[in-house]
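K.L.:
Below you'll find the structure I mean.
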Amino acid sequence: MTSKAIHSLTRAFTAHPAKVNETYLEHAAVALGFAGQLFLAAGAALIHAALPIAFEKTASNKIRALHARMEHRN
């Protein structure tokens, strides 16, 4: 692999995290945290679909909170 190819590959993993002032690993940790929270929100929505009385606002509240958190990161 040439140095130009290595640079392009490295840039593919670091360009976006750098835009939000994070390293690749920091960005991965944040993204995984968001994924975990979205997974929980999806679970609440799934249960709510079967039992409308359960988790009435859990998923929407979580998504709003995640959106606000993401907007304040930039």
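In the structure tokens, chains take letters A, B, ... by order of appearance, with residues numbered from 1 within each chain and ligands from 1 in the order shown.
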For His27 of chain A, work out the shell of residues within 10 Å, counting only C-alpha atoms and skipping chain neighbours fewer than 6 positions away, then give it as a ChimeraX atom specification.

P.N.:
/A:14,16-18,20-21,33

K.L.:
Can you write just those residues out, all heavy atoms, as an mmCIF file, in the first residue's frame?

P.N.:
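Just written: part37.cif:
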data_model
loop_
_atom_site.group_PDB
_atom_site.id
_atom_site.type_symbol
_atom_site.label_atom_id
_atom_site.label_comp_id
_atom_site.auth_asym_id
_atom_site.auth_seq_id
_atom_site.Cartn_x
_atom_site.Cartn_y
_atom_site.Cartn_z
ATOM 1 N N THR A 14 -10.566 9.827 10.258
ATOM 2 C CA THR A 14 -10.311 10.936 11.176
ATOM 3 C C THR A 14 -10.928 12.269 10.764
ATOM 4 O O THR A 14 -11.053 13.164 11.602
ATOM 5 C CB THR A 14 -8.795 11.135 11.350
ATOM 6 O OG1 THR A 14 -8.207 11.410 10.078
ATOM 7 C CG2 THR A 14 -8.146 9.909 11.973
ATOM 8 N N HIS A 16 -14.087 13.303 9.830
ATOM 9 C CA HIS A 16 -15.328 13.691 10.491
ATOM 10 C C HIS A 16 -15.137 13.895 11.994
ATOM 11 O O HIS A 16 -15.577 14.927 12.528
ATOM 12 C CB HIS A 16 -16.442 12.679 10.211
ATOM 13 C CG HIS A 16 -17.677 12.956 11.001
ATOM 14 N ND1 HIS A 16 -18.458 14.066 10.790
ATOM 15 C CD2 HIS A 16 -18.245 12.283 12.033
ATOM 16 C CE1 HIS A 16 -19.462 14.063 11.661
ATOM 17 N NE2 HIS A 16 -19.348 12.994 12.422
ATOM 18 N N PRO A 17 -14.507 12.976 12.723
ATOM 19 C CA PRO A 17 -14.280 13.237 14.148
ATOM 20 C C PRO A 17 -13.547 14.561 14.397
ATOM 21 O O PRO A 17 -13.855 15.273 15.360
ATOM 22 C CB PRO A 17 -13.445 12.047 14.610
ATOM 23 C CG PRO A 17 -13.849 10.943 13.694
ATOM 24 C CD PRO A 17 -14.049 11.628 12.361
ATOM 25 N N ALA A 18 -12.610 14.899 13.544
ATOM 26 C CA ALA A 18 -11.876 16.150 13.706
ATOM 27 C C ALA A 18 -12.799 17.360 13.588
ATOM 28 O O ALA A 18 -12.584 18.379 14.253
ATOM 29 C CB ALA A 18 -10.754 16.243 12.678
ATOM 30 N N VAL A 20 -15.644 17.688 14.794
ATOM 31 C CA VAL A 20 -16.303 17.904 16.086
ATOM 32 C C VAL A 20 -15.292 17.855 17.229
ATOM 33 O O VAL A 20 -15.629 17.581 18.376
ATOM 34 C CB VAL A 20 -17.475 16.915 16.302
ATOM 35 C CG1 VAL A 20 -18.624 17.227 15.371
ATOM 36 C CG2 VAL A 20 -17.026 15.475 16.169
ATOM 37 N N ASN A 21 -14.021 18.109 16.888
ATOM 38 C CA ASN A 21 -12.937 18.185 17.865
ATOM 39 C C ASN A 21 -12.794 16.920 18.712
ATOM 40 O O ASN A 21 -12.663 16.990 19.938
ATOM 41 C CB ASN A 21 -13.107 19.412 18.773
ATOM 42 C CG ASN A 21 -13.032 20.690 17.997
ATOM 43 O OD1 ASN A 21 -12.181 20.839 17.121
ATOM 44 N ND2 ASN A 21 -13.923 21.610 18.289
ATOM 45 N N GLY A 33 -22.475 5.497 22.433
ATOM 46 C CA GLY A 33 -23.386 5.957 23.486
ATOM 47 C C GLY A 33 -24.737 6.361 22.912
ATOM 48 O O GLY A 33 -25.789 6.005 23.453
#

K.L.:
Any idea what's packed within 10 Å of Met70 of chain A, counting only C-alpha atoms, ignoring anything in its chain fewer than 4 positions away? Could you give it as a PyMOL selection string?

P.N.:
chain A and resi 30+34+64-66+74

K.L.:
If you run DSSP on this backbone, which residues of chain A come out as alpha helix (DSSP H), and could you give them as a count of residues only?

P.N.:
60

K.L.:
Please, what distance in Å, to one decimal, runs between atom CA of Ala49 of chain A and atom CA of Asn61 of chain A?

P.N.:
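Separation between atom CA of Ala49 of chain A and atom CA of Asn61 of chain A: 16.0 Å.
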
K.L.:
I'd like the interatomic distance between atom CA of Ala5 of chain A and atom CA of Ala29 of chain A, to a tenth of an Å.

P.N.:
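That distance, rounded to one decimal, is 26.2 Å.
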